[in-house]
Structures are given as C-alpha cells and as structure tokens.
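J.: Have a look at this one.
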Amino acid sequence: MDNLEKTSEQKKVKQGHPKLKVLGYVLLVFFAFLSVLIGLSVRWCFSTWQRLTMEELVYTLTAPITGTGQGMIGEYLLKCLAPAIVAGLLTIVFLYIAKRIKKIKPAIIIIVVACLFVGGYKGVYNFWTTLNVGDYLYNMTHPSTFIKDNYVDPSKVDLQFPQKKRNLIYVYLESMEQTYTDPSVGGTHKQNLIPELTKIAQQNESFSNSKTKINGSHSVSGTTFTMGGIFAATSGLPLKTNIKNNEMSDQTSFFDGVTTLGDILKDQGYNQTFMIGSDASFGGRDKYFISHGNYQIDDYNWAKREKLIDQDYKVFWGYEDEKLFSFAKRQLSSLSKDDKPFNFTMLTVDTHFIDGYKCHLCEDKFPSQYENVMACSSRQVSAFIKWCQSQSWYKDTTIVLSGDHPTMNGGINGNTEWKDRKVYTAYINADAKRETTNNRNYATLDNFPTTLAAMGVKIPGNKLGLGVNLFSKEKTLLEKYSLDHVDEEIKKKSAFMDKLQDVRAKSARQLLKEGQIPLVTIKADPYKRNSETINTYVTKIKNPKNLHITEVLVNASYRQDGAYGMNNVMEKQSDGTYKSTVNVSSILNKFTNKVYVTVYVTTQENGKYKSAEIEVPIK
C-alpha cells in the first residue's frame with residue numbers, strides 16, 4: 001500500500017514538472033531577449049550620444065518629451081528591439097534542438113552565460129563605467145561651494161543701459177561647432193563645412209587673436225544639451241536640477257531664484273519672442289521663457305494656430321529651418337514697427353543629431369548627410385543675416401549667433417578631443433570694443449554678460465552669474481582655473497543651486513484644484529481601425545481665475561504620455577467650444593488598441609499645462 005502511495009505521489013510530481021519547465025523556458029527566453037535588448041540599447045545609446053553624461057540623462061528623464069523628433073524611435077526599433085526579438089526567437093529554436101538531442105542542461109548554461117555577458121558586461125557594466133555613475137554618485141554626496149563662491153547675482157548689479165536701447169536677435173544654432181571649420185581657420189575638420197559662418201565670425205567678433213582663425217566657446221557640465229545651453233547663455237549658470245519623480249512640465253516655476261537675460265530685458269520694457277520649429281514644451285523650454293521674461297512663444301503649435309503650416313504638417317521635429325527663417329522675417333518686420341525695443345530669440349533644428357534634416361536646399365558636396373546639413377545651415381543662416389543687415393532697424397540691433405552645445409553625433413568630429421570641441425560663436429554689430437586682443441578661453445556661461453555688453457550695457461565688475469564680459473580684460477573662470485577644474489567642480493552637488501532652483505512643483509490635479517489651470521471637458525468621436533483621423537472636442541471650459549487662454553492644444557497618441565503623438569491646435573467655435581480633427585494615420589498600427597487624447601491649455605499667466613485626458617477604444 002505504501003509503495004502504491006509513493007508511486008502515485010511520484011506521478012503527481014512528474015506531472016507537475018512540465019508546467020515548471022515551460023515556465024522556466026519562458027523566463028529563459030525572456031532573459032535572453034532582455035539581455036540582448038539591454039546590451040544593444042547601451043551600445044546604441046553611446047554611439048548616438050557621443051558624450052552623454054549622467055547630468056544630461058537625469059535632466060532628460062525629468063523633462064517632458066512631448067514634441068521630440070520621431071527619427072530616433074525608428075532607428076532604436078530597428079537596431080535594438082528587432083534584434084532582441086530575433087534573439088528571443090533563436091533562443092527558442094536553440095532550446096528545441098538541445099532538447100531533441102538531450103543536451104538541455106548545457107544549452108541552458110550557455111544561454112545564461114551569454115545573457116550575463118551581453119546584458120551584464122556589455123550592458124550594465126558599460127553603462128556604469130561609460131557614464132561614470134560612480135563618480136556621479138560621489139559628486140552628489142560631496143558638495144562644492146564653487147558655484148556659490150564665484151556667482152555674481154545680476155539683481156544686485158547696477159546695469160546701465162544706453163539711452164537708446166538696442167534690439168537683440170539671438171540665434172541658437174543647433175549643435176553648431178567651430179570645429180566644423182578646417183585647421184587653417186581654427187577648426188579640426190578636413191574641409192570647412194561652414195564657410196559662410198566662418199566669414200561672419202571673421203568679420204565680426206568671436207574673441208580670437210587672429211583675423212583669419214575663429215574662436216568658439218566650451219560647454220561645461222550642465223550645458224551640453226539644448227536647454228542646458230540656453231540656460232547657461234541667459235543666466236550664466238549650468239542647469240543642475242534636483243527634481244525627483246516629477247516632470248518639468250508640472251513645475252510652476254523654473255529656477256525662480258535666478259535673474260536671467262529675459263528678466264533684465266523685460267524690466268527694461270523689451271518685447272520678447274522665442275521662436276522654434278518644434279514643440280516648445282520639450283525640455284521645459286516654454287516654462288523657462290515664460291517664467292523668465294514673459295516671452296511670446298512662437299513654436300510649431302503656434303505656426304499651426306496661425307495657419308502658417310497645415311494641421312497635419314510635420315517633418316523631423318516639427319517644421320524645417322527654411323520655414324523658421326521665413327517666419328522669423330515676418331515677425332521681425334512686425335516687431336520693428338513697435339516703439340519698444342525687441343529681443344527676438346530663435347533656435348534652429350535641421351542640424352539636430354542623429355543625421356539632421358536634409359531639405360531641398362541641401363547639396364551633396366560632402367560624404368555624409370550630417371555634413372551636408374551643416375553646410376546647408378551655414379548658407380541659410382548667412383542669408384538670414386544678410387537680410388537683417390538690409391533692414392532699416394539693423395543699425396540699432398545686435399545679433400548673437402551661438403551653438404547651443406557640441407553635437408551629440410558620434411561621427412562628424414572623428415577623433416577630436418573634448419577639450420578642442422567648441423561651439424560656434426559670433427557677435428554681430430556689437431556696441432562694445434575689446435579691451436584685449438588675447439585669444440579668449442571661454443564657455444557658453446560667458447555669453448550672458450557678453451550679450452548685454454554687446455548691446456551697449458555697462459556692467460560694473462564685468463561679471464554676471466558665473467560669466468564674464470568677454471569684451472573686458474576680466475579673466476573667465478576657464479582662464480582663471482581650467483576647463484577640467486571648472487567642469488569637475490560644477491559636477492558636484494551644490495546646495496546654492498538647490499536654493500536658487502526653489503522648485504515648487506505641483507501636480508496638475510493640485511493646480512486644477514487651485515484654479516491655476518482652466519478645467520476642460522473633452523470627448524472624441526468613436527474611432528474605427530484604419531481611419532485616418534479622429535475628431536476631438538472641448539465641450540466645456542471652467543476658468544475660475546479668468547486666466548487669459550492663448551491656446552488649446554490636443555495630442556493624440558498611442559502612448560499615454562503623449563510622446564510621438566500628433567499635436568493639433570484646436571479651433572474655437574462660435575459657442576465657445578473647441579474642435580480639432582487629428583490625423584493619426586502615421587502613428588497607429590494594428591497592435592494599437594486605444595488612442596490617448598490629451599488636451600493642453602496655455603494661459604498667458606502660467607504657460608502650458610495638461611488639463612484633461614481620455615482614452616478612446618479602437619473598434
């Protein structure tokens with residue numbers, strides 16, 4: 001009897017084994033898929049972002065990504081996700097063959113070892129060492145007073161503007177480097193990709209000690225990405241954020257304790273505009289320019305609202321630079337008719353990595369698309385400057401051309417060392433003279449006081465933020481210390497920066513409760529699979545604070561966070577409601593089972609915030 005019971009129990013155990021084995025095989029296949037995905041993702045990441053830093057990664061993960069370019073997601077799917085899926089399928093085949101020839105245990109060992117190598121060593125270990133995660137953690141636990149010790153608060157400096165205030169045109173050139181020129185004019189490239197920009201810098205001011213060789217500015221830690229570069233050039237500070245578990249789009253302030261170029265010019269009565277060919281909410285750019293200077297935001301969505309482009313028009317990050325310069329001319333012609341001085345700031349986009357956007361103006365003179373796009377940008381910027389110089393208001397206008405940061409494209413610079421990488425810089429029609437002819441060693445941080453000086457503003461002490469007026473004899477931080485020393489100190493935790501940031505981040509729910517965001521009621525028509533468009537409506541708006549609504553935007557996406565979705569400016573109807581038909585044909589596929597519809601309301605007082613969202617099932 002006992003033997004029968006034992007046999008019965010053994011049979012039950014054996015019957016249970018197949019389920020456990022299947023589960024084990026499934027987990028092993030998933031482990032193989034995940035390991036390859038991690039390994040390839042890390043490799044793709046570092047080949048795409050040549051000098052990605054932990055500081056930049058942290059900021060990017062906390063900043064909104066709505067409005068990002070769609071090219072990178074396709075490349076990631078092709079180079080990372082697809083091979084990982086293939087690896088998973090091959091693992092299934094490998095296990096099947098091993099089981100048939102009764103070599104399953106050695107096969108499992110081989111798979112586990114391979115996964116640990118690909119995912120662990122090639123993935124996690126390379127990620128840790130390449131990004132210097134250990135150094136980052138060390139810096140976060142070992143504070144420095146370097147920023148505090150060298151910071152000059154602009155609000156405490158008696159700036160003296162000329163009686164007739166000069167206009168400012170500030171053009172941030174996406175990823176534009178001085179290094180794209182050849183050695184004969186100061187660069188490191190075999191051929192000069194940007195001869196037109198080279199000529200502009202030679203004829204104006206780049207703070208070189210030569211009439212032929214041009215100079216440029218370094219990007220220190222916290223300034224090597226677009227928002228960091230913009231923040232540095234207008235505040236004299238690196239962008240170091242301590243936001244945790246919170247998106248930049250949920251902030252009610254952006255470094256509230258900092259006085260910036262926009263704040264100063266606003267107090268001086270300037271009309272201020274920020275124009276870009278992408279969604280200004282990406283990276284918190286709209287929040288920054290609205291909270292520091294109350295800029296008018298003329299972005300991709302503005303162009304739709306003004307009917308300058310079709311509602312479903314989108315190339316690269318929004319619209320191309322050819323249109324950007326055309327729209328800029330239109331706005332400048334309008335601003336120049338006002339009695340107030342203007343600050344017109346714009347950011348180009350065609351030269352954004354990975355390979356830039358090749359428009360119909362681009363030629364095929366150089367081996368790579370990215371080189372040809374850079375050359376095309378040089379011609380377009382030069383044509384825009386010539387147009388400005390032909391206008392009646394030019395004599396009273398200072399123009400600044402500056403790269404926002406060195407490119408993240410890993411191929412265009414070859415073996416050029418980081419210490420030799422400089423962003424393009426040119427001050428045009430400046431109302432200031434240099435006190436020294438030395439070849440200046442400077443950073444984008446120095447653009448802040450130098451821009452004001454170029455506008456004829458007298459700066460007692462010639463310092464603002466961490467920046468130095470380059471027209472003066474005052475030594476920059478890079479000249480006083482060194483690039484490496486400044487970089488290392490800025491990387492460290494700064495209690496002073498935390499205090500300046502003074503983030504009062506609130507959730508959209510809390511802001512809605514306080515009446516700081518108009519509350520909308522939205523609905524959408526039923527959506528049938530394979531339909532090209534979806535109709536969306538705002539049927540009611542609750543606005544207890546009577547905020548001035550400047551735009552109602554709808555985003556339709558396959559992702560709940562709205563990334564890679566289509567944005568449309570909603571049209572106001574005669575009864576006060578809003579309507580928009582969104583073309584979603586390019587973003588939905590057969591695997592999508594719902595459409596996420598989100599409405600953002602922009603007010604003059606608080607900027608752009610999410611107001612409501614719904615899910616629309618696909619039938």
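Naming scheme: A, B, ... for chains in displayed order of the structure tokens; residues 1 onward per chain; ligands 1 onward as shown.
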Using only C-alpha atoms, I'd like a table of the residues in region 188-302 of chain A that come within 8 Å of region 316-339 of chain A; for each, show the closest atom pair and its distance in Å rounded to one decimal, ordered by chain and ascending number, as a tab-separated table.

T.:
residue	atom	partner	partner_atom	distance
A:Asn271	CA	A:Leu335	CA	7.8
A:Met275	CA	A:Ala328	CA	7.5
A:Ile276	CA	A:Leu324	CA	7.0
A:Gly277	CA	A:Tyr319	CA	5.1
A:Ser278	CA	A:Gly318	CA	4.6
A:Asp279	CA	A:Gly318	CA	7.2
A:Tyr300	CA	A:Gly318	CA	5.8

J.: Tell me, counting only C-alpha atoms, for each residue of region 304-411 of chain A within 12 Å of region 547-563 of chain A, which pair of atoms is nearest and how far apart they are in Å to one decimal, in rows ordered by chain and increasing number, as a tab-separated table.

T.:
residue	atom	partner	partner_atom	distance
A:Lys304	CA	A:Leu553	CA	10.2
A:Arg305	CA	A:Glu551	CA	8.1
A:Glu306	CA	A:Glu551	CA	11.0
A:Gln311	CA	A:Val554	CA	11.2
A:Asp312	CA	A:Asn555	CA	11.8

J.: Can you pull out every residue from region 520-604 of chain A that DSSP, working from the backbone, puts in strand (DSSP E or B), and format the result as a PDB file with N, CA and C atoms, in the first residue's frame?

T.:
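Output contents, as saved in out_33.pdb:
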ATOM      1  N   VAL A 520     -11.062  71.569 -18.487  1.00  0.00           N
ATOM      2  CA  VAL A 520     -11.848  71.350 -19.689  1.00  0.00           C
ATOM      3  C   VAL A 520     -12.524  69.988 -19.646  1.00  0.00           C
ATOM      4  N   THR A 521     -13.621  69.888 -20.352  1.00  0.00           N
ATOM      5  CA  THR A 521     -14.306  68.612 -20.565  1.00  0.00           C
ATOM      6  C   THR A 521     -14.111  68.238 -22.029  1.00  0.00           C
ATOM      7  N   ILE A 522     -13.557  67.051 -22.268  1.00  0.00           N
ATOM      8  CA  ILE A 522     -13.261  66.663 -23.645  1.00  0.00           C
ATOM      9  C   ILE A 522     -13.997  65.385 -24.020  1.00  0.00           C
ATOM     10  N   LYS A 523     -14.206  65.229 -25.298  1.00  0.00           N
ATOM     11  CA  LYS A 523     -14.763  63.987 -25.828  1.00  0.00           C
ATOM     12  C   LYS A 523     -14.223  63.786 -27.241  1.00  0.00           C
ATOM     13  N   ALA A 524     -14.399  62.584 -27.744  1.00  0.00           N
ATOM     14  CA  ALA A 524     -13.938  62.265 -29.098  1.00  0.00           C
ATOM     15  C   ALA A 524     -14.940  61.333 -29.747  1.00  0.00           C
ATOM     16  N   TYR A 527     -13.621  55.809 -32.710  1.00  0.00           N
ATOM     17  CA  TYR A 527     -12.566  55.663 -33.719  1.00  0.00           C
ATOM     18  C   TYR A 527     -12.552  54.236 -34.250  1.00  0.00           C
ATOM     19  N   THR A 533      -8.310  59.787 -39.435  1.00  0.00           N
ATOM     20  CA  THR A 533      -8.453  60.904 -38.497  1.00  0.00           C
ATOM     21  C   THR A 533      -9.373  60.552 -37.337  1.00  0.00           C
ATOM     22  N   ILE A 534      -9.245  61.343 -36.283  1.00  0.00           N
ATOM     23  CA  ILE A 534     -10.142  61.238 -35.148  1.00  0.00           C
ATOM     24  C   ILE A 534     -10.611  62.645 -34.784  1.00  0.00           C
ATOM     25  N   ASN A 535     -11.909  62.807 -34.583  1.00  0.00           N
ATOM     26  CA  ASN A 535     -12.478  64.107 -34.229  1.00  0.00           C
ATOM     27  C   ASN A 535     -12.487  64.281 -32.718  1.00  0.00           C
ATOM     28  N   THR A 536     -11.963  65.391 -32.249  1.00  0.00           N
ATOM     29  CA  THR A 536     -11.883  65.667 -30.813  1.00  0.00           C
ATOM     30  C   THR A 536     -12.572  66.991 -30.501  1.00  0.00           C
ATOM     31  N   TYR A 537     -13.116  67.078 -29.278  1.00  0.00           N
ATOM     32  CA  TYR A 537     -13.885  68.265 -28.903  1.00  0.00           C
ATOM     33  C   TYR A 537     -13.595  68.671 -27.460  1.00  0.00           C
ATOM     34  N   VAL A 538     -13.586  69.962 -27.204  1.00  0.00           N
ATOM     35  CA  VAL A 538     -13.646  70.501 -25.844  1.00  0.00           C
ATOM     36  C   VAL A 538     -15.037  71.101 -25.710  1.00  0.00           C
ATOM     37  N   THR A 539     -15.864  70.464 -24.901  1.00  0.00           N
ATOM     38  CA  THR A 539     -17.269  70.870 -24.813  1.00  0.00           C
ATOM     39  C   THR A 539     -17.539  71.892 -23.717  1.00  0.00           C
ATOM     40  N   LYS A 540     -16.584  72.003 -22.768  1.00  0.00           N
ATOM     41  CA  LYS A 540     -16.803  72.928 -21.657  1.00  0.00           C
ATOM     42  C   LYS A 540     -15.463  73.347 -21.068  1.00  0.00           C
ATOM     43  N   ILE A 541     -15.349  74.609 -20.676  1.00  0.00           N
ATOM     44  CA  ILE A 541     -14.145  75.112 -20.014  1.00  0.00           C
ATOM     45  C   ILE A 541     -14.534  75.832 -18.731  1.00  0.00           C
ATOM     46  N   LYS A 542     -13.946  75.378 -17.623  1.00  0.00           N
ATOM     47  CA  LYS A 542     -14.143  76.030 -16.327  1.00  0.00           C
ATOM     48  C   LYS A 542     -12.889  76.834 -16.015  1.00  0.00           C
ATOM     49  N   ILE A 549      -6.613  82.634 -21.870  1.00  0.00           N
ATOM     50  CA  ILE A 549      -6.270  81.440 -22.645  1.00  0.00           C
ATOM     51  C   ILE A 549      -5.750  81.855 -24.017  1.00  0.00           C
ATOM     52  N   THR A 550      -4.520  81.441 -24.324  1.00  0.00           N
ATOM     53  CA  THR A 550      -3.918  81.784 -25.615  1.00  0.00           C
ATOM     54  C   THR A 550      -3.951  80.625 -26.603  1.00  0.00           C
ATOM     55  N   GLU A 551      -4.089  79.394 -26.084  1.00  0.00           N
ATOM     56  CA  GLU A 551      -4.079  78.239 -26.985  1.00  0.00           C
ATOM     57  C   GLU A 551      -4.675  77.023 -26.299  1.00  0.00           C
ATOM     58  N   VAL A 552      -5.441  76.255 -27.059  1.00  0.00           N
ATOM     59  CA  VAL A 552      -5.919  74.948 -26.611  1.00  0.00           C
ATOM     60  C   VAL A 552      -5.378  73.928 -27.612  1.00  0.00           C
ATOM     61  N   LEU A 553      -4.581  73.002 -27.103  1.00  0.00           N
ATOM     62  CA  LEU A 553      -3.886  72.038 -27.954  1.00  0.00           C
ATOM     63  C   LEU A 553      -4.350  70.629 -27.630  1.00  0.00           C
ATOM     64  N   VAL A 554      -4.553  69.808 -28.663  1.00  0.00           N
ATOM     65  CA  VAL A 554      -4.914  68.411 -28.450  1.00  0.00           C
ATOM     66  C   VAL A 554      -3.782  67.524 -28.960  1.00  0.00           C
ATOM     67  N   ASN A 555      -3.497  66.480 -28.189  1.00  0.00           N
ATOM     68  CA  ASN A 555      -2.485  65.495 -28.571  1.00  0.00           C
ATOM     69  C   ASN A 555      -3.156  64.136 -28.655  1.00  0.00           C
ATOM     70  N   ALA A 556      -2.964  63.446 -29.777  1.00  0.00           N
ATOM     71  CA  ALA A 556      -3.474  62.085 -29.943  1.00  0.00           C
ATOM     72  C   ALA A 556      -2.286  61.163 -30.143  1.00  0.00           C
ATOM     73  N   SER A 557      -2.200  60.121 -29.312  1.00  0.00           N
ATOM     74  CA  SER A 557      -1.026  59.260 -29.344  1.00  0.00           C
ATOM     75  C   SER A 557      -1.399  57.832 -28.993  1.00  0.00           C
ATOM     76  N   MET A 566       0.464  63.106 -32.383  1.00  0.00           N
ATOM     77  CA  MET A 566       0.205  64.230 -33.277  1.00  0.00           C
ATOM     78  C   MET A 566      -0.452  65.344 -32.475  1.00  0.00           C
ATOM     79  N   ASN A 567       0.068  66.556 -32.614  1.00  0.00           N
ATOM     80  CA  ASN A 567      -0.462  67.720 -31.913  1.00  0.00           C
ATOM     81  C   ASN A 567      -1.217  68.614 -32.880  1.00  0.00           C
ATOM     82  N   ASN A 568      -2.390  69.035 -32.488  1.00  0.00           N
ATOM     83  CA  ASN A 568      -3.166  69.984 -33.271  1.00  0.00           C
ATOM     84  C   ASN A 568      -3.631  71.130 -32.387  1.00  0.00           C
ATOM     85  N   VAL A 569      -3.577  72.339 -32.919  1.00  0.00           N
ATOM     86  CA  VAL A 569      -4.175  73.479 -32.232  1.00  0.00           C
ATOM     87  C   VAL A 569      -5.672  73.432 -32.497  1.00  0.00           C
ATOM     88  N   GLU A 571      -9.527  74.583 -32.847  1.00  0.00           N
ATOM     89  CA  GLU A 571     -10.178  75.795 -33.338  1.00  0.00           C
ATOM     90  C   GLU A 571     -11.380  76.138 -32.458  1.00  0.00           C
ATOM     91  N   LYS A 572     -11.425  77.401 -32.046  1.00  0.00           N
ATOM     92  CA  LYS A 572     -12.522  77.857 -31.198  1.00  0.00           C
ATOM     93  C   LYS A 572     -13.775  78.058 -32.034  1.00  0.00           C
ATOM     94  N   TYR A 578     -14.353  74.027 -28.479  1.00  0.00           N
ATOM     95  CA  TYR A 578     -13.212  73.859 -29.378  1.00  0.00           C
ATOM     96  C   TYR A 578     -13.333  72.534 -30.118  1.00  0.00           C
ATOM     97  N   LYS A 579     -12.764  72.493 -31.319  1.00  0.00           N
ATOM     98  CA  LYS A 579     -12.834  71.279 -32.125  1.00  0.00           C
ATOM     99  C   LYS A 579     -11.537  71.113 -32.913  1.00  0.00           C
ATOM    100  N   SER A 580     -11.152  69.852 -33.122  1.00  0.00           N
ATOM    101  CA  SER A 580      -9.990  69.577 -33.965  1.00  0.00           C
ATOM    102  C   SER A 580     -10.086  68.172 -34.539  1.00  0.00           C
ATOM    103  N   THR A 581      -9.698  68.039 -35.788  1.00  0.00           N
ATOM    104  CA  THR A 581      -9.607  66.739 -36.441  1.00  0.00           C
ATOM    105  C   THR A 581      -8.132  66.378 -36.562  1.00  0.00           C
ATOM    106  N   VAL A 582      -7.731  65.313 -35.877  1.00  0.00           N
ATOM    107  CA  VAL A 582      -6.319  64.946 -35.801  1.00  0.00           C
ATOM    108  C   VAL A 582      -6.032  63.777 -36.733  1.00  0.00           C
ATOM    109  N   ASN A 583      -5.019  63.926 -37.565  1.00  0.00           N
ATOM    110  CA  ASN A 583      -4.598  62.851 -38.461  1.00  0.00           C
ATOM    111  C   ASN A 583      -3.680  61.907 -37.696  1.00  0.00           C
ATOM    112  N   LYS A 594      -5.993  51.379 -28.427  1.00  0.00           N
ATOM    113  CA  LYS A 594      -6.681  52.581 -27.964  1.00  0.00           C
ATOM    114  C   LYS A 594      -5.887  53.822 -28.355  1.00  0.00           C
ATOM    115  N   VAL A 595      -6.593  54.944 -28.417  1.00  0.00           N
ATOM    116  CA  VAL A 595      -5.966  56.236 -28.692  1.00  0.00           C
ATOM    117  C   VAL A 595      -6.065  57.080 -27.424  1.00  0.00           C
ATOM    118  N   TYR A 596      -4.939  57.641 -27.001  1.00  0.00           N
ATOM    119  CA  TYR A 596      -4.926  58.530 -25.836  1.00  0.00           C
ATOM    120  C   TYR A 596      -5.052  59.972 -26.326  1.00  0.00           C
ATOM    121  N   VAL A 597      -6.111  60.624 -25.896  1.00  0.00           N
ATOM    122  CA  VAL A 597      -6.361  62.012 -26.294  1.00  0.00           C
ATOM    123  C   VAL A 597      -6.152  62.913 -25.083  1.00  0.00           C
ATOM    124  N   THR A 598      -5.236  63.855 -25.205  1.00  0.00           N
ATOM    125  CA  THR A 598      -4.897  64.765 -24.112  1.00  0.00           C
ATOM    126  C   THR A 598      -5.040  66.199 -24.585  1.00  0.00           C
ATOM    127  N   VAL A 599      -5.619  67.041 -23.736  1.00  0.00           N
ATOM    128  CA  VAL A 599      -5.771  68.458 -24.064  1.00  0.00           C
ATOM    129  C   VAL A 599      -4.887  69.289 -23.146  1.00  0.00           C
ATOM    130  N   TYR A 600      -4.107  70.183 -23.748  1.00  0.00           N
ATOM    131  CA  TYR A 600      -3.253  71.116 -23.014  1.00  0.00           C
ATOM    132  C   TYR A 600      -3.795  72.527 -23.215  1.00  0.00           C
ATOM    133  N   VAL A 601      -3.878  73.273 -22.129  1.00  0.00           N
ATOM    134  CA  VAL A 601      -4.343  74.656 -22.201  1.00  0.00           C
ATOM    135  C   VAL A 601      -3.179  75.581 -21.856  1.00  0.00           C
ATOM    136  N   THR A 602      -2.937  76.552 -22.710  1.00  0.00           N
ATOM    137  CA  THR A 602      -1.886  77.540 -22.464  1.00  0.00           C
ATOM    138  C   THR A 602      -2.525  78.853 -22.053  1.00  0.00           C
ATOM    139  N   THR A 603      -2.074  79.386 -20.923  1.00  0.00           N
ATOM    140  CA  THR A 603      -2.557  80.692 -20.475  1.00  0.00           C
ATOM    141  C   THR A 603      -1.393  81.674 -20.452  1.00  0.00           C
TER     142      THR A 603
END

J.: From a DSSP pass on the backbone, collect the residues of region 234-456 of chain A flagged as helix (DSSP H, G or I) and hand them back as a PyMOL selection string.

T.: chain A and resi 234-235+248-250+261-267+282-291+300-305+321-335+369-389+394-396+418-420+444-454

J.: Please list as a PDB file with C-alpha atoms, in the first residue's frame every residue within 10 Å of Asn441 (chain A), counting only C-alpha atoms and excluding residues in the same chain fewer than 6 positions away.

T.:
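Contents of around24.pdb, freshly written:
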ATOM      1  CA  PHE A 207      37.158  86.658 -29.398  1.00  0.00           C
ATOM      2  CA  SER A 208      40.075  85.241 -31.342  1.00  0.00           C
ATOM      3  CA  ASN A 215      37.284  81.095 -31.805  1.00  0.00           C
ATOM      4  CA  GLY A 216      34.384  79.424 -30.012  1.00  0.00           C
ATOM      5  CA  SER A 217      33.053  78.623 -26.556  1.00  0.00           C
ATOM      6  CA  HIS A 218      33.329  75.488 -24.443  1.00  0.00           C
ATOM      7  CA  LEU A 470      34.473  88.933 -22.899  1.00  0.00           C
ATOM      8  CA  LYS A 475      39.551  86.652 -16.687  1.00  0.00           C
ATOM      9  CA  THR A 476      36.921  83.978 -17.291  1.00  0.00           C
ATOM     10  CA  LEU A 477      36.627  81.005 -14.946  1.00  0.00           C
ATOM     11  CA  LEU A 478      38.295  78.845 -17.601  1.00  0.00           C
ATOM     12  CA  GLU A 479      41.197  81.293 -17.807  1.00  0.00           C
ATOM     13  CA  LYS A 480      41.450  81.636 -14.032  1.00  0.00           C
ATOM     14  CA  SER A 482      40.998  75.454 -16.253  1.00  0.00           C
ATOM     15  CA  LEU A 483      38.284  73.689 -18.225  1.00  0.00           C
TER      16      LEU A 483
END

J.: Report the distance between CA of Met455 (chain A) and CA of Ala383 (chain A) in Å, rounded to one decimal place.

T.: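 Calculated distance between CA of Met455 (chain A) and CA of Ala383 (chain A) is 22.6 Å.
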
J.: Set out as a Markdown table a contact list for region 321-399 of chain A and region 171-178 of chain A with a cut-off of 10 Å, giving each residue of region 321-399 of chain A that qualifies its closest atom pair and distance in Å to one decimal, counting only C-alpha atoms, ordered by chain and rising residue number.

T.:
| residue | atom | partner | partner_atom | distance |
| --- | --- | --- | --- | --- |
| A:Phe344 | CA | A:Val171 | CA | 8.3 |
| A:Thr345 | CA | A:Val171 | CA | 5.9 |
| A:Met346 | CA | A:Val171 | CA | 5.0 |
| A:Leu347 | CA | A:Tyr172 | CA | 4.6 |
| A:Thr348 | CA | A:Leu173 | CA | 5.4 |
| A:Val349 | CA | A:Glu174 | CA | 5.7 |
| A:Asp350 | CA | A:Glu174 | CA | 7.5 |
| A:Thr351 | CA | A:Glu174 | CA | 5.7 |
| A:His352 | CA | A:Glu174 | CA | 5.9 |
| A:Phe353 | CA | A:Ser175 | CA | 7.7 |
| A:Gly356 | CA | A:Glu174 | CA | 9.8 |
| A:Met374 | CA | A:Met176 | CA | 7.6 |
| A:Ser377 | CA | A:Leu173 | CA | 8.7 |
| A:Ser378 | CA | A:Met176 | CA | 9.2 |
| A:Val381 | CA | A:Leu173 | CA | 8.9 |
| A:Ile399 | CA | A:Val171 | CA | 7.7 |

J.: Please provide the set of residues having any atom within 12 Å of Tyr370 (chain A), restricted to only C-alpha atoms, with same-chain residues fewer than 5 positions apart removed, written as a ChimeraX atom specification.

T.: /A:175-176,180,193,350-359,362-365,375-377,407-413

J.: For Ile385 (chain A), which residue out of A:Ala430, A:Leu197, A:Ala107, A:Val185 is the nearest one, using only C-alpha atoms?

T.: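 Closest to Ile385 (chain A) of all the choices is A:Leu197.
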
J.: I'd like the neighbourhood of Gln389 (chain A) as an MDAnalysis selection string, where a residue qualifies if any of its atoms comes within 12 Å (using only C-alpha atoms), though same-chain residues fewer than 6 positions away should be ignored.

T.: chainID A and resid 169 329 382:383 395:399 428:429

J.: Convert the current residue selection to file output with N, CA and C atoms, as a PDB file, in the first residue's frame.

T.:
ATOM      1  N   ILE A 169      18.819  90.188 -31.490  1.00  0.00           N
ATOM      2  CA  ILE A 169      18.427  88.948 -32.164  1.00  0.00           C
ATOM      3  C   ILE A 169      19.421  87.888 -31.723  1.00  0.00           C
ATOM      4  N   LYS A 329      11.494  86.381 -40.329  1.00  0.00           N
ATOM      5  CA  LYS A 329      11.481  87.650 -41.058  1.00  0.00           C
ATOM      6  C   LYS A 329      10.131  88.344 -40.894  1.00  0.00           C
ATOM      7  N   SER A 382      23.542  82.524 -43.047  1.00  0.00           N
ATOM      8  CA  SER A 382      24.198  83.654 -43.702  1.00  0.00           C
ATOM      9  C   SER A 382      23.196  84.495 -44.484  1.00  0.00           C
ATOM     10  N   ALA A 383      22.291  83.844 -45.203  1.00  0.00           N
ATOM     11  CA  ALA A 383      21.267  84.561 -45.967  1.00  0.00           C
ATOM     12  C   ALA A 383      20.352  85.349 -45.034  1.00  0.00           C
ATOM     13  N   LYS A 395      20.780  98.920 -37.828  1.00  0.00           N
ATOM     14  CA  LYS A 395      21.805  99.767 -37.207  1.00  0.00           C
ATOM     15  C   LYS A 395      21.645  99.843 -35.694  1.00  0.00           C
ATOM     16  N   ASP A 396      20.444  99.566 -35.198  1.00  0.00           N
ATOM     17  CA  ASP A 396      20.176  99.606 -33.756  1.00  0.00           C
ATOM     18  C   ASP A 396      20.021  98.201 -33.171  1.00  0.00           C
ATOM     19  N   THR A 397      20.565  97.219 -33.851  1.00  0.00           N
ATOM     20  CA  THR A 397      20.349  95.820 -33.459  1.00  0.00           C
ATOM     21  C   THR A 397      21.667  95.063 -33.323  1.00  0.00           C
ATOM     22  N   THR A 398      21.795  94.335 -32.234  1.00  0.00           N
ATOM     23  CA  THR A 398      22.926  93.428 -32.022  1.00  0.00           C
ATOM     24  C   THR A 398      22.457  92.004 -32.297  1.00  0.00           C
ATOM     25  N   ILE A 399      23.258  91.245 -33.023  1.00  0.00           N
ATOM     26  CA  ILE A 399      22.908  89.855 -33.338  1.00  0.00           C
ATOM     27  C   ILE A 399      23.952  88.928 -32.724  1.00  0.00           C
ATOM     28  N   ILE A 428      27.618  90.076 -33.724  1.00  0.00           N
ATOM     29  CA  ILE A 428      27.498  90.901 -34.922  1.00  0.00           C
ATOM     30  C   ILE A 428      26.925  92.270 -34.568  1.00  0.00           C
ATOM     31  N   ASN A 429      27.561  93.307 -35.098  1.00  0.00           N
ATOM     32  CA  ASN A 429      27.112  94.685 -34.874  1.00  0.00           C
ATOM     33  C   ASN A 429      27.047  95.017 -33.383  1.00  0.00           C
TER      34      ASN A 429
END

J.: So which residues touch Ala201 (chain A) within 8 Å, counting only C-alpha atoms, skipping near sequence neighbours fewer than 2 positions away, as a VMD selection string?

T.: chain A and resid 197 to 199 203 to 206 214 425 to 427

J.: Just the number, please: distance in Å from CA of Leu239 (chain A) to CA of Gly222 (chain A), one decimal.

T.: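 Separating CA of Leu239 (chain A) from CA of Gly222 (chain A) is a distance of 4.9 Å.
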